[in-house]
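K.L.:
Input structure: input32.pdb, which contains PDB, C-alpha atoms.
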MODEL        1
ATOM      1  CA  MET A1037       1.389   0.575  13.661  1.00  0.00           C
ATOM      2  CA  LYS A1038       1.285   4.370  13.534  1.00  0.00           C
ATOM      3  CA  PHE A1039       2.584   6.781  10.914  1.00  0.00           C
ATOM      4  CA  SER A1040       5.121   8.050  13.440  1.00  0.00           C
ATOM      5  CA  ASP A1041       6.597   4.534  13.610  1.00  0.00           C
ATOM      6  CA  PHE A1042       7.875   4.676  10.044  1.00  0.00           C
ATOM      7  CA  VAL A1043       7.432   8.121   8.480  1.00  0.00           C
ATOM      8  CA  HIS A1044      10.572  10.251   8.560  1.00  0.00           C
ATOM      9  CA  VAL A1045       9.212  13.707   9.234  1.00  0.00           C
ATOM     10  CA  ASN A1046      12.227  15.440   7.691  1.00  0.00           C
ATOM     11  CA  ALA A1047      11.701  13.539   4.437  1.00  0.00           C
ATOM     12  CA  ILE A1048       8.050  14.537   3.901  1.00  0.00           C
ATOM     13  CA  LYS A1049       7.494  16.344   0.585  1.00  0.00           C
ATOM     14  CA  ALA A1050       4.555  18.728   0.438  1.00  0.00           C
ATOM     15  CA  GLU A1051       4.934  19.802  -3.170  1.00  0.00           C
ATOM     16  CA  LEU A1052       6.426  17.107  -5.341  1.00  0.00           C
ATOM     17  CA  ALA A1053       8.004  18.539  -8.476  1.00  0.00           C
ATOM     18  CA  ALA A1054       8.276  15.291 -10.444  1.00  0.00           C
ATOM     19  CA  GLU A1055       5.640  14.578 -13.051  1.00  0.00           C
ATOM     20  CA  ASP A1056       6.255  10.932 -13.881  1.00  0.00           C
ATOM     21  CA  LYS A1057       6.546   7.658 -12.031  1.00  0.00           C
ATOM     22  CA  GLU A1058      10.305   7.175 -11.972  1.00  0.00           C
ATOM     23  CA  ASN A1059      11.055  10.772 -11.083  1.00  0.00           C
ATOM     24  CA  VAL A1060       8.549  10.902  -8.278  1.00  0.00           C
ATOM     25  CA  ILE A1061      10.146   7.778  -6.790  1.00  0.00           C
ATOM     26  CA  ARG A1062      13.598   9.383  -7.239  1.00  0.00           C
ATOM     27  CA  GLU A1063      12.414  12.543  -5.544  1.00  0.00           C
ATOM     28  CA  LEU A1064      11.035  10.672  -2.523  1.00  0.00           C
ATOM     29  CA  VAL A1065      14.110   8.457  -2.144  1.00  0.00           C
ATOM     30  CA  ALA A1066      16.391  11.515  -2.465  1.00  0.00           C
ATOM     31  CA  SER A1067      14.364  13.147   0.267  1.00  0.00           C
ATOM     32  CA  LEU A1068      15.054  10.164   2.547  1.00  0.00           C
ATOM     33  CA  VAL A1069      18.769  10.502   1.749  1.00  0.00           C
ATOM     34  CA  ALA A1070      18.682  14.210   2.571  1.00  0.00           C
ATOM     35  CA  ALA A1071      16.945  13.422   5.866  1.00  0.00           C
ATOM     36  CA  GLY A1072      19.708  10.961   6.730  1.00  0.00           C
ATOM     37  CA  ALA A1073      17.321   7.984   6.776  1.00  0.00           C
ATOM     38  CA  ILE A1074      19.248   6.092   4.106  1.00  0.00           C
ATOM     39  CA  ASN A1075      22.766   6.343   2.680  1.00  0.00           C
ATOM     40  CA  VAL A1076      23.394   8.109  -0.591  1.00  0.00           C
ATOM     41  CA  ALA A1077      25.331   5.020  -1.758  1.00  0.00           C
ATOM     42  CA  ASP A1078      22.099   2.977  -1.605  1.00  0.00           C
ATOM     43  CA  ARG A1079      19.963   5.552  -3.397  1.00  0.00           C
ATOM     44  CA  ASP A1080      20.131   4.243  -6.957  1.00  0.00           C
ATOM     45  CA  GLY A1081      19.788   0.616  -5.877  1.00  0.00           C
ATOM     46  CA  ILE A1082      16.645   1.435  -3.912  1.00  0.00           C
ATOM     47  CA  VAL A1083      15.109   3.420  -6.788  1.00  0.00           C
ATOM     48  CA  ALA A1084      15.838   0.532  -9.187  1.00  0.00           C
ATOM     49  CA  ALA A1085      14.312  -2.010  -6.785  1.00  0.00           C
ATOM     50  CA  ILE A1086      11.151   0.068  -6.359  1.00  0.00           C
ATOM     51  CA  MET A1087      10.810   0.472 -10.143  1.00  0.00           C
ATOM     52  CA  LYS A1088      11.273  -3.283 -10.568  1.00  0.00           C
ATOM     53  CA  ARG A1089       8.482  -3.881  -8.091  1.00  0.00           C
ATOM     54  CA  GLU A1090       6.234  -1.500 -10.045  1.00  0.00           C
ATOM     55  CA  GLU A1091       6.760  -3.642 -13.140  1.00  0.00           C
ATOM     56  CA  LEU A1092       5.045  -6.520 -11.362  1.00  0.00           C
ATOM     57  CA  GLY A1093       1.951  -4.378 -11.003  1.00  0.00           C
ATOM     58  CA  SER A1094       1.375  -0.773 -10.102  1.00  0.00           C
ATOM     59  CA  THR A1095       1.175   0.081  -6.425  1.00  0.00           C
ATOM     60  CA  GLY A1096      -1.346   2.760  -7.329  1.00  0.00           C
ATOM     61  CA  ILE A1097      -4.134   1.329  -5.183  1.00  0.00           C
ATOM     62  CA  GLY A1098      -6.857   3.757  -6.180  1.00  0.00           C
ATOM     63  CA  ARG A1099      -8.360   6.920  -4.713  1.00  0.00           C
ATOM     64  CA  GLY A1100      -5.315   8.850  -5.918  1.00  0.00           C
ATOM     65  CA  VAL A1101      -2.982   6.919  -3.629  1.00  0.00           C
ATOM     66  CA  ALA A1102       0.163   4.890  -4.331  1.00  0.00           C
ATOM     67  CA  VAL A1103       2.413   2.904  -2.016  1.00  0.00           C
ATOM     68  CA  PRO A1104       5.661   2.361  -3.947  1.00  0.00           C
ATOM     69  CA  HIS A1105       7.863   0.035  -1.923  1.00  0.00           C
ATOM     70  CA  THR A1106      10.681  -2.467  -1.818  1.00  0.00           C
ATOM     71  CA  LYS A1107      12.693  -4.619   0.502  1.00  0.00           C
ATOM     72  CA  HIS A1108      16.300  -3.562   0.835  1.00  0.00           C
ATOM     73  CA  ALA A1109      19.103  -5.054   2.869  1.00  0.00           C
ATOM     74  CA  SER A1110      20.503  -1.629   3.758  1.00  0.00           C
ATOM     75  CA  VAL A1111      17.706  -0.855   6.229  1.00  0.00           C
ATOM     76  CA  ASP A1112      17.255  -2.575   9.575  1.00  0.00           C
ATOM     77  CA  ARG A1113      13.799  -1.170  10.253  1.00  0.00           C
ATOM     78  CA  LEU A1114      10.842  -0.017   8.203  1.00  0.00           C
ATOM     79  CA  ILE A1115      11.518   3.408   6.708  1.00  0.00           C
ATOM     80  CA  GLY A1116       8.963   5.549   4.961  1.00  0.00           C
ATOM     81  CA  THR A1117       8.024   8.960   3.750  1.00  0.00           C
ATOM     82  CA  VAL A1118       4.994  10.776   2.418  1.00  0.00           C
ATOM     83  CA  GLY A1119       4.722  12.983  -0.657  1.00  0.00           C
ATOM     84  CA  VAL A1120       1.892  15.068  -2.035  1.00  0.00           C
ATOM     85  CA  SER A1121       1.601  16.068  -5.682  1.00  0.00           C
ATOM     86  CA  ASN A1122      -0.796  18.867  -6.506  1.00  0.00           C
ATOM     87  CA  LEU A1123      -0.886  18.089 -10.217  1.00  0.00           C
ATOM     88  CA  GLY A1124      -1.037  14.344  -9.792  1.00  0.00           C
ATOM     89  CA  VAL A1125       1.194  11.754 -11.454  1.00  0.00           C
ATOM     90  CA  ASP A1126       0.267   9.057 -13.940  1.00  0.00           C
ATOM     91  CA  PHE A1127       1.146   5.890 -12.022  1.00  0.00           C
ATOM     92  CA  ASN A1128      -0.749   3.263 -14.056  1.00  0.00           C
ATOM     93  CA  SER A1129      -3.173   2.936 -11.156  1.00  0.00           C
ATOM     94  CA  LEU A1130      -5.824   0.282 -11.392  1.00  0.00           C
ATOM     95  CA  ASP A1131      -8.610   2.813 -11.459  1.00  0.00           C
ATOM     96  CA  GLY A1132      -6.742   4.902 -14.045  1.00  0.00           C
ATOM     97  CA  GLU A1133      -6.731   7.993 -11.837  1.00  0.00           C
ATOM     98  CA  LYS A1134      -3.701  10.173 -11.303  1.00  0.00           C
ATOM     99  CA  VAL A1135      -1.911   9.755  -7.999  1.00  0.00           C
ATOM    100  CA  HIS A1136      -1.713  12.659  -5.561  1.00  0.00           C
ATOM    101  CA  LEU A1137      -0.624  10.871  -2.362  1.00  0.00           C
ATOM    102  CA  PHE A1138       2.504   8.764  -2.105  1.00  0.00           C
ATOM    103  CA  PHE A1139       3.553   6.578   0.790  1.00  0.00           C
ATOM    104  CA  LEU A1140       6.993   5.191  -0.013  1.00  0.00           C
ATOM    105  CA  LEU A1141       8.165   2.251   2.104  1.00  0.00           C
ATOM    106  CA  ILE A1142      11.525   0.485   2.405  1.00  0.00           C
ATOM    107  CA  SER A1143      11.572  -2.638   4.563  1.00  0.00           C
ATOM    108  CA  PRO A1144      14.264  -4.979   5.810  1.00  0.00           C
ATOM    109  CA  PRO A1145      14.147  -8.214   3.740  1.00  0.00           C
ATOM    110  CA  ASP A1146      12.952 -10.420   6.537  1.00  0.00           C
ATOM    111  CA  ARG A1147      10.142  -8.417   8.110  1.00  0.00           C
ATOM    112  CA  PRO A1148       6.971  -8.970   6.027  1.00  0.00           C
ATOM    113  CA  GLY A1149       4.832  -8.369   9.117  1.00  0.00           C
ATOM    114  CA  ASP A1150       5.920  -4.762   9.595  1.00  0.00           C
ATOM    115  CA  HIS A1151       5.307  -3.992   5.951  1.00  0.00           C
ATOM    116  CA  LEU A1152       1.784  -5.433   6.214  1.00  0.00           C
ATOM    117  CA  ARG A1153       1.052  -3.436   9.351  1.00  0.00           C
ATOM    118  CA  ALA A1154       2.196  -0.230   7.651  1.00  0.00           C
ATOM    119  CA  LEU A1155      -0.041  -0.972   4.643  1.00  0.00           C
ATOM    120  CA  GLU A1156      -2.881  -1.743   7.030  1.00  0.00           C
ATOM    121  CA  ASN A1157      -2.471   1.590   8.784  1.00  0.00           C
ATOM    122  CA  ILE A1158      -2.173   3.584   5.554  1.00  0.00           C
ATOM    123  CA  SER A1159      -5.218   1.960   3.956  1.00  0.00           C
ATOM    124  CA  ARG A1160      -7.304   2.199   7.127  1.00  0.00           C
ATOM    125  CA  GLN A1161      -6.685   5.928   7.421  1.00  0.00           C
ATOM    126  CA  LEU A1162      -7.176   6.569   3.722  1.00  0.00           C
ATOM    127  CA  ARG A1163     -10.595   4.949   3.786  1.00  0.00           C
ATOM    128  CA  ASN A1164     -11.600   8.017   5.728  1.00  0.00           C
ATOM    129  CA  ASP A1165     -12.689  10.621   3.172  1.00  0.00           C
ATOM    130  CA  THR A1166     -11.850  13.570   5.387  1.00  0.00           C
ATOM    131  CA  PHE A1167      -8.298  12.414   6.021  1.00  0.00           C
ATOM    132  CA  CYS A1168      -7.799  11.639   2.333  1.00  0.00           C
ATOM    133  CA  ARG A1169      -9.153  15.007   1.184  1.00  0.00           C
ATOM    134  CA  PHE A1170      -7.227  17.047   3.764  1.00  0.00           C
ATOM    135  CA  LEU A1171      -4.011  15.263   2.898  1.00  0.00           C
ATOM    136  CA  LYS A1172      -4.463  15.960  -0.817  1.00  0.00           C
ATOM    137  CA  GLN A1173      -5.090  19.625  -0.016  1.00  0.00           C
ATOM    138  CA  SER A1174      -2.021  19.981   2.213  1.00  0.00           C
ATOM    139  CA  ASN A1175       0.605  22.297   0.825  1.00  0.00           C
ATOM    140  CA  SER A1176       3.107  22.411   3.649  1.00  0.00           C
ATOM    141  CA  VAL A1177       5.127  19.796   5.468  1.00  0.00           C
ATOM    142  CA  LYS A1178       3.699  21.132   8.698  1.00  0.00           C
ATOM    143  CA  ASP A1179       0.119  20.457   7.523  1.00  0.00           C
ATOM    144  CA  ILE A1180       0.979  16.911   6.487  1.00  0.00           C
ATOM    145  CA  GLN A1181       2.799  16.260   9.730  1.00  0.00           C
ATOM    146  CA  GLN A1182      -0.172  17.526  11.710  1.00  0.00           C
ATOM    147  CA  LEU A1183      -2.627  15.353   9.747  1.00  0.00           C
ATOM    148  CA  LEU A1184      -0.503  12.237  10.242  1.00  0.00           C
ATOM    149  CA  ASP A1185      -0.261  13.069  13.912  1.00  0.00           C
ATOM    150  CA  GLU A1186      -4.029  13.485  14.208  1.00  0.00           C
ATOM    151  CA  ALA A1187      -4.544  10.181  12.396  1.00  0.00           C
ATOM    152  CA  ASP A1188      -2.133   8.522  14.836  1.00  0.00           C
ATOM    153  CA  HIS A1189      -4.317   9.808  17.644  1.00  0.00           C
ATOM    154  CA  ASP A1190      -7.459   8.324  16.063  1.00  0.00           C
ATOM    155  CA  HIS A1191      -8.789  11.727  15.188  1.00  0.00           C
ATOM    156  CA  PHE A1192     -10.333  10.311  12.017  1.00  0.00           C
ATOM    157  CA  GLY A1193     -11.834   7.280  13.678  1.00  0.00           C
ATOM    158  CA  GLY A1194      -9.629   4.843  11.691  1.00  0.00           C
TER     159      GLY A1194
ATOM    160  CA  MET B 444      -6.131 -19.203   4.687  1.00  0.00           C
ATOM    161  CA  VAL B 445      -3.337 -16.875   3.629  1.00  0.00           C
ATOM    162  CA  THR B 446      -0.625 -19.288   2.476  1.00  0.00           C
ATOM    163  CA  ASN B 447       2.142 -17.104   1.047  1.00  0.00           C
ATOM    164  CA  ARG B 448       4.920 -15.988   3.332  1.00  0.00           C
ATOM    165  CA  GLN B 449       4.590 -12.291   2.653  1.00  0.00           C
ATOM    166  CA  GLY B 450       0.888 -12.238   3.540  1.00  0.00           C
ATOM    167  CA  PHE B 451      -1.892 -10.210   1.953  1.00  0.00           C
ATOM    168  CA  HIS B 452       0.240  -7.292   0.742  1.00  0.00           C
ATOM    169  CA  ALA B 453      -0.326  -4.942  -2.194  1.00  0.00           C
ATOM    170  CA  ARG B 454       0.235  -7.392  -5.064  1.00  0.00           C
ATOM    171  CA  PRO B 455      -2.056 -10.127  -3.716  1.00  0.00           C
ATOM    172  CA  ALA B 456      -4.714  -7.508  -2.957  1.00  0.00           C
ATOM    173  CA  ASN B 457      -4.397  -6.317  -6.535  1.00  0.00           C
ATOM    174  CA  LEU B 458      -4.740  -9.854  -7.927  1.00  0.00           C
ATOM    175  CA  PHE B 459      -7.665 -10.596  -5.643  1.00  0.00           C
ATOM    176  CA  VAL B 460      -9.558  -7.500  -6.767  1.00  0.00           C
ATOM    177  CA  GLN B 461      -8.831  -8.161 -10.441  1.00  0.00           C
ATOM    178  CA  THR B 462     -10.190 -11.676 -10.078  1.00  0.00           C
ATOM    179  CA  ALA B 463     -13.201 -10.550  -8.034  1.00  0.00           C
ATOM    180  CA  ALA B 464     -14.006  -7.891 -10.636  1.00  0.00           C
ATOM    181  CA  LYS B 465     -14.561 -10.614 -13.265  1.00  0.00           C
ATOM    182  CA  PHE B 466     -17.693 -11.668 -11.410  1.00  0.00           C
ATOM    183  CA  LYS B 467     -20.991  -9.891 -11.020  1.00  0.00           C
ATOM    184  CA  SER B 468     -21.484 -11.117  -7.470  1.00  0.00           C
ATOM    185  CA  GLN B 469     -20.763  -8.937  -4.485  1.00  0.00           C
ATOM    186  CA  ILE B 470     -17.729 -10.330  -2.699  1.00  0.00           C
ATOM    187  CA  SER B 471     -17.183  -9.989   1.026  1.00  0.00           C
ATOM    188  CA  VAL B 472     -14.134 -11.046   2.972  1.00  0.00           C
ATOM    189  CA  PHE B 473     -14.326 -11.684   6.687  1.00  0.00           C
ATOM    190  CA  LYS B 474     -11.488 -11.721   9.173  1.00  0.00           C
ATOM    191  CA  GLY B 475     -13.134 -12.690  12.418  1.00  0.00           C
ATOM    192  CA  ASN B 476     -16.108 -10.359  12.713  1.00  0.00           C
ATOM    193  CA  GLU B 477     -14.643  -7.739  10.413  1.00  0.00           C
ATOM    194  CA  ARG B 478     -16.320  -7.616   7.014  1.00  0.00           C
ATOM    195  CA  ILE B 479     -14.802  -5.809   4.040  1.00  0.00           C
ATOM    196  CA  ASN B 480     -15.542  -5.357   0.345  1.00  0.00           C
ATOM    197  CA  GLY B 481     -13.585  -7.939  -1.664  1.00  0.00           C
ATOM    198  CA  LYS B 482     -13.530  -5.649  -4.677  1.00  0.00           C
ATOM    199  CA  SER B 483     -11.625  -2.857  -2.914  1.00  0.00           C
ATOM    200  CA  ILE B 484      -7.839  -2.974  -2.619  1.00  0.00           C
ATOM    201  CA  LEU B 485      -7.915  -0.374   0.110  1.00  0.00           C
ATOM    202  CA  ASP B 486     -10.357  -2.514   2.090  1.00  0.00           C
ATOM    203  CA  LEU B 487      -8.307  -5.684   1.609  1.00  0.00           C
ATOM    204  CA  LEU B 488      -5.149  -3.986   2.796  1.00  0.00           C
ATOM    205  CA  THR B 489      -6.842  -2.888   5.996  1.00  0.00           C
ATOM    206  CA  LEU B 490      -7.041  -6.557   6.991  1.00  0.00           C
ATOM    207  CA  GLY B 491      -3.256  -6.713   7.419  1.00  0.00           C
ATOM    208  CA  ALA B 492      -3.581 -10.471   6.999  1.00  0.00           C
ATOM    209  CA  GLN B 493      -0.304 -12.289   7.572  1.00  0.00           C
ATOM    210  CA  GLN B 494       0.611 -15.789   6.534  1.00  0.00           C
ATOM    211  CA  GLY B 495      -1.629 -18.265   8.358  1.00  0.00           C
ATOM    212  CA  THR B 496      -4.519 -15.840   8.817  1.00  0.00           C
ATOM    213  CA  ARG B 497      -7.914 -17.430   8.177  1.00  0.00           C
ATOM    214  CA  LEU B 498     -10.274 -15.414   6.032  1.00  0.00           C
ATOM    215  CA  ARG B 499     -13.833 -16.280   5.085  1.00  0.00           C
ATOM    216  CA  LEU B 500     -15.136 -15.463   1.625  1.00  0.00           C
ATOM    217  CA  GLU B 501     -18.747 -14.756   0.812  1.00  0.00           C
ATOM    218  CA  ALA B 502     -20.243 -14.077  -2.599  1.00  0.00           C
ATOM    219  CA  ASP B 503     -23.743 -12.897  -3.326  1.00  0.00           C
ATOM    220  CA  GLY B 504     -25.055 -13.053  -6.883  1.00  0.00           C
ATOM    221  CA  GLU B 505     -25.754 -15.264  -9.872  1.00  0.00           C
ATOM    222  CA  ASP B 506     -22.120 -16.319 -10.354  1.00  0.00           C
ATOM    223  CA  SER B 507     -21.330 -16.649  -6.660  1.00  0.00           C
ATOM    224  CA  SER B 508     -20.077 -20.231  -6.680  1.00  0.00           C
ATOM    225  CA  ALA B 509     -17.702 -19.643  -9.600  1.00  0.00           C
ATOM    226  CA  ALA B 510     -16.443 -16.495  -7.865  1.00  0.00           C
ATOM    227  CA  ILE B 511     -15.750 -18.313  -4.608  1.00  0.00           C
ATOM    228  CA  GLU B 512     -14.026 -21.133  -6.437  1.00  0.00           C
ATOM    229  CA  ALA B 513     -11.709 -18.758  -8.323  1.00  0.00           C
ATOM    230  CA  LEU B 514     -10.858 -16.638  -5.273  1.00  0.00           C
ATOM    231  CA  ALA B 515     -10.315 -19.619  -2.980  1.00  0.00           C
ATOM    232  CA  GLN B 516      -8.000 -21.132  -5.586  1.00  0.00           C
ATOM    233  CA  LEU B 517      -6.040 -17.875  -5.798  1.00  0.00           C
ATOM    234  CA  MET B 518      -5.543 -17.842  -2.038  1.00  0.00           C
ATOM    235  CA  GLN B 519      -4.666 -21.525  -1.907  1.00  0.00           C
ATOM    236  CA  ASP B 520      -2.009 -20.906  -4.550  1.00  0.00           C
ATOM    237  CA  GLY B 521      -0.542 -18.151  -2.380  1.00  0.00           C
ATOM    238  CA  PHE B 522      -1.203 -15.607  -5.143  1.00  0.00           C
ATOM    239  CA  GLY B 523       1.507 -17.309  -7.185  1.00  0.00           C
ATOM    240  CA  GLU B 524       4.100 -16.555  -4.512  1.00  0.00           C
ATOM    241  CA  LEU B 525       4.542 -19.961  -2.916  1.00  0.00           C
ATOM    242  CA  ASN B 526       7.854 -20.593  -4.646  1.00  0.00           C
ATOM    243  CA  GLU B 527       9.356 -17.290  -3.649  1.00  0.00           C
ATOM    244  CA  THR B 528      12.423 -17.794  -1.567  1.00  0.00           C
ATOM    245  CA  GLU B 529      13.002 -14.214  -0.568  1.00  0.00           C
TER     246      GLU B 529
ENDMDL
END
Kindly present the structure from the file in structure tokens form.
P.N.:
Amino acid sequence: MKFSDFVHVNAIKAELAAEDKENVIRELVASLVAAGAINVADRDGIVAAIMKREELGSTGIGRGVAVPHTKHASVDRLIGTVGVSNLGVDFNSLDGEKVHLFFLLISPPDRPGDHLRALENISRQLRNDTFCRFLKQSNSVKDIQQLLDEADHDHFGG
Amino acid sequence: MVTNRQGFHARPANLFVQTAAKFKSQISVFKGNERINGKSILDLLTLGAQQGTRLRLEADGEDSSAAIEALAQLMQDGFGELNETE
């Protein structure tokens, strides 16, 4: 699976304003609403579901990366977006580091395979130091979009 | 074998790494010929292992057998997700 298969380009956030976990999730979900990827009526339910999932264990997987996610019946295909925080957000990550890169995913309830393939793609690309560093340094949506596109074309050797 | 329906997603990877970190041994996980570090969540997620996927565990160190036993048990128990209906 490629980034272009699930990342909504119009919902990418290059400079996240939020400084805590719940607000960063709110900001990313609101961005998906603004991009028309999800309905505004589902916004609060999705935020609550993602926060509930975080209670089971942080999705801060280390290296300054988090993959907040949930299943939600309102989507019929995997929907995602990417956000970059320059300051970093305390996300209770396992390694205790602040999170700078967010990959937020919303999946249909009955498609665990797609969710796994998205996680596989994200983690595979992030193992590459260059990709990870460039993404953290991006400060425009265009830069992020270009990096994701290059990763999709195996520019970083996945 | 990955027994839970949702596969080796973020929470199982987290649990696996937390368990692996209790042991001094180096832990490797193999999926076919691919070998990854069993103490790295990022590495585990790159496996994209769905339900039914066979993984091979290898531990190297003084507490290797205890490590294998604990990790194999965790996988067999489906990371505590076997009773999930959703």
K.L.:
Which residues of chain A are close to chain B, meaning at most 12 Å apart when you count only C-alpha atoms, and how do they look as a ChimeraX atom specification?
P.N.:
/A:1037,1089-1109,1129-1131,1141,1144-1164,1194
K.L.:
Which residues would end up in the selection if the PyMOL selection byres ((chain A and resi 1066-1082) around 10) were applied here, given that I need the answer as number ranges by chain?
P.N.:
A: 1043-1049, 1060-1065, 1083-1088, 1105-1111, 1115-1119, 1140, 1142
K.L.:
Next, dump the selected residues to file, keeping only C-alpha atoms, as a PDB file, in the coordinates of the input.
P.N.:
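Heads up, here's the output in selection14.pdb:
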ATOM      1  CA  VAL A1043       7.432   8.121   8.480  1.00  0.00           C
ATOM      2  CA  HIS A1044      10.572  10.251   8.560  1.00  0.00           C
ATOM      3  CA  VAL A1045       9.212  13.707   9.234  1.00  0.00           C
ATOM      4  CA  ASN A1046      12.227  15.440   7.691  1.00  0.00           C
ATOM      5  CA  ALA A1047      11.701  13.539   4.437  1.00  0.00           C
ATOM      6  CA  ILE A1048       8.050  14.537   3.901  1.00  0.00           C
ATOM      7  CA  LYS A1049       7.494  16.344   0.585  1.00  0.00           C
ATOM      8  CA  VAL A1060       8.549  10.902  -8.278  1.00  0.00           C
ATOM      9  CA  ILE A1061      10.146   7.778  -6.790  1.00  0.00           C
ATOM     10  CA  ARG A1062      13.598   9.383  -7.239  1.00  0.00           C
ATOM     11  CA  GLU A1063      12.414  12.543  -5.544  1.00  0.00           C
ATOM     12  CA  LEU A1064      11.035  10.672  -2.523  1.00  0.00           C
ATOM     13  CA  VAL A1065      14.110   8.457  -2.144  1.00  0.00           C
ATOM     14  CA  VAL A1083      15.109   3.420  -6.788  1.00  0.00           C
ATOM     15  CA  ALA A1084      15.838   0.532  -9.187  1.00  0.00           C
ATOM     16  CA  ALA A1085      14.312  -2.010  -6.785  1.00  0.00           C
ATOM     17  CA  ILE A1086      11.151   0.068  -6.359  1.00  0.00           C
ATOM     18  CA  MET A1087      10.810   0.472 -10.143  1.00  0.00           C
ATOM     19  CA  LYS A1088      11.273  -3.283 -10.568  1.00  0.00           C
ATOM     20  CA  HIS A1105       7.863   0.035  -1.923  1.00  0.00           C
ATOM     21  CA  THR A1106      10.681  -2.467  -1.818  1.00  0.00           C
ATOM     22  CA  LYS A1107      12.693  -4.619   0.502  1.00  0.00           C
ATOM     23  CA  HIS A1108      16.300  -3.562   0.835  1.00  0.00           C
ATOM     24  CA  ALA A1109      19.103  -5.054   2.869  1.00  0.00           C
ATOM     25  CA  SER A1110      20.503  -1.629   3.758  1.00  0.00           C
ATOM     26  CA  VAL A1111      17.706  -0.855   6.229  1.00  0.00           C
ATOM     27  CA  ILE A1115      11.518   3.408   6.708  1.00  0.00           C
ATOM     28  CA  GLY A1116       8.963   5.549   4.961  1.00  0.00           C
ATOM     29  CA  THR A1117       8.024   8.960   3.750  1.00  0.00           C
ATOM     30  CA  VAL A1118       4.994  10.776   2.418  1.00  0.00           C
ATOM     31  CA  GLY A1119       4.722  12.983  -0.657  1.00  0.00           C
ATOM     32  CA  LEU A1140       6.993   5.191  -0.013  1.00  0.00           C
ATOM     33  CA  ILE A1142      11.525   0.485   2.405  1.00  0.00           C
TER      34      ILE A1142
END
K.L.:
Exactly which residues make up the result of the PyMOL selection byres ((chain B and resi 497) around 6) on this file, given as a ChimeraX atom specification?
P.N.:
/B:444,496,498
K.L.:
Please indicate the distance in Å from CA of Phe1139 in chain A to CA of Gly481 in chain B, rounded to one decimal place.
P.N.:
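Taking CA of Phe1139 in chain A and CA of Gly481 in chain B, their separation equals 22.6 Å.
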K.L.:
Which residues, written as a list in words, have at least one atom at most 12 Å from Thr462 in chain B, with only C-alpha atoms counted and residues fewer than 4 positions away on the same chain left out?
P.N.:
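Within the cut-off, the hits are Pro455, Ala456, Asn457, Leu458, Phe466, Lys467, Ser468, Ile470, Gly481, Lys482, Ser483, Ile484, Ala509, Ala510, Ile511, Glu512, Ala513, Leu514, Ala515, Gln516, Leu517, Met518 and Phe522 of chain B.
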K.L.:
Could you tell me which of A:Ala1053, A:Ser1143, A:Asp1179, A:Leu1184 comes closest to Leu1123 in chain A if we count all atoms listed in the file?
P.N.:
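Of A:Ala1053, A:Ser1143, A:Asp1179, A:Leu1184, the one nearest Leu1123 in chain A, counting all atoms listed in the file, is A:Ala1053.
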K.L.:
Tell me, in Å to one decimal, how far CA of Asp1188 in chain A is from CA of Phe1170 in chain A.
P.N.:
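Spanning CA of Asp1188 in chain A to CA of Phe1170 in chain A is a straight-line distance of 14.9 Å.
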